[in-house]
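Please read the structure below before turning to the comments.
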Amino acid sequence: MDTIEEQRKRFIRPCTLVWLGLLALTGVTYSIGSMELGGTQIVMLVLIITFIKSEMVAGFFMGLRKTSLLWRAIMASWLVIVGGGIAIAYLISLK
């Protein structure tokens with residue numbers, strides 16, 4: 001029979017997995033920036049990654065995954081509006 005300490009050493013909490021995912025996604029965006037990649041597809045990819053990271057932070061670290069659908073929808077809408085504004089500003093600047 002394992003002791004509680006031995007069980008804790010083998011157990012990875014969901015917030016730790018989310019944190020590792022955030023680190024991985026941050027590494028991807030950092031790599032894109034350090035390789036100086038550009039173009040509309042790359043900018044949209046970075047915005048999508050940013051949206052995913054924001055949803056992960058809101059869901060797990062702000063505690064919105066346990067709230068009602070209304071609050072999650074408000075947060076997602078805000079993220080879409082801000083990300084959409086950035087995308088529109090970028091696309092307008094290309095003209």
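To be explicit about the labels: the chains of the structure tokens are called A, B, and onward in the order shown, and within each one the residues are counted from 1, while ligands get numbers from 1 in the order they are shown.
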
Using DSSP on the backbone coordinates, identify all residues within range 2-87 of chain A classified as alpha helix (DSSP H); present the result as number ranges by chain. A: 4-10, 14-34, 40-56, 69-87

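The residue that comes closest to Val46 in chain A, out of A:Ala76, A:Ala87, A:Ile81, A:Leu69 and on the basis of only C-alpha atoms, is A:Ala87.
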
Min atom-atom distance to Gly21 in chain A from the set A:Ile42, A:Ile4, A:Val57, A:Met35, counting only C-alpha atoms, belongs to A:Val57

Among the residues A:Trp19, A:Phe61, A:Tyr90, A:Phe11, the one that comes closest to Val43 in chain A [using only C-alpha atoms]: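 With only C-alpha atoms as the atom set, the closest residue is A:Tyr90.
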
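Atom to atom, CA of Leu91 in chain A and CA of Gly39 in chain A stand 10.3 Å apart.
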
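Residues in contact with Val18 in chain A at 12 Å, where only C-alpha atoms are counted and same-chain residues fewer than 6 positions away are skipped, are listed as Ile12, Ala24, Leu25, Ile52, Lys53, Ser54, Glu55, Met56, Val57, Ala58, Gly59, Phe60 and Phe61 of chain A.
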
Resulting file, chosen residues, C-alpha atoms, as a JSON list (two decimals), in the first residue's frame:
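What landed in selection.json:
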```json
[["chain", "number", "residue", "atom", "x", "y", "z"],
["A", 12, "ILE", "CA", 0.37, 15.50, -11.72],
["A", 24, "ALA", "CA", 4.90, 24.91, -24.71],
["A", 25, "LEU", "CA", 2.64, 27.38, -26.53],
["A", 52, "ILE", "CA", -6.00, 29.35, -26.72],
["A", 53, "LYS", "CA", -3.57, 30.45, -24.02],
["A", 54, "SER", "CA", -6.02, 33.07, -22.77],
["A", 55, "GLU", "CA", -8.80, 30.50, -22.57],
["A", 56, "MET", "CA", -6.52, 28.16, -20.63],
["A", 57, "VAL", "CA", -5.63, 30.90, -18.15],
["A", 58, "ALA", "CA", -9.26, 31.97, -17.77],
["A", 59, "GLY", "CA", -10.51, 28.43, -17.36],
["A", 60, "PHE", "CA", -7.95, 27.00, -14.99],
["A", 61, "PHE", "CA", -6.27, 29.87, -13.17]]
```

| Computed interatomic separation between CA of Trp71 in chain A and CA of Thr16 in chain A (Å) |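 Atom-to-atom, CA of Trp71 in chain A and CA of Thr16 in chain A are spaced 23.6 Å apart.
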
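Proximity to Met62 in chain A was assessed for A:Met75, A:Leu37, A:Leu17, A:Ile92 counting only C-alpha atoms; the smallest distance is recorded for A:Met75.
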
Checklist line | Closest of A:Thr50, A:Ser31, A:Thr67, A:Thr40 to Ile88 in chain A - atom-to-atom distances counting only C-alpha atoms | finding: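 Nearest candidate to Ile88 in chain A out of A:Thr50, A:Ser31, A:Thr67, A:Thr40: A:Thr40.
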
Worksheet entry | Gap from CA of Gly33 in chain A to CA of Val82 in chain A - Å, one decimal |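 Pair CA of Gly33 in chain A / CA of Val82 in chain A returns 20.7 Å.
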
- Query: For Gly84 in chain A, which residue out of A:Leu22, A:Lys66, A:Phe51, A:Ile32 is the nearest one, using only C-alpha atoms?
  - Reply: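 Ranking A:Leu22, A:Lys66, A:Phe51, A:Ile32 by distance to Gly84 in chain A, first place goes to A:Phe51.
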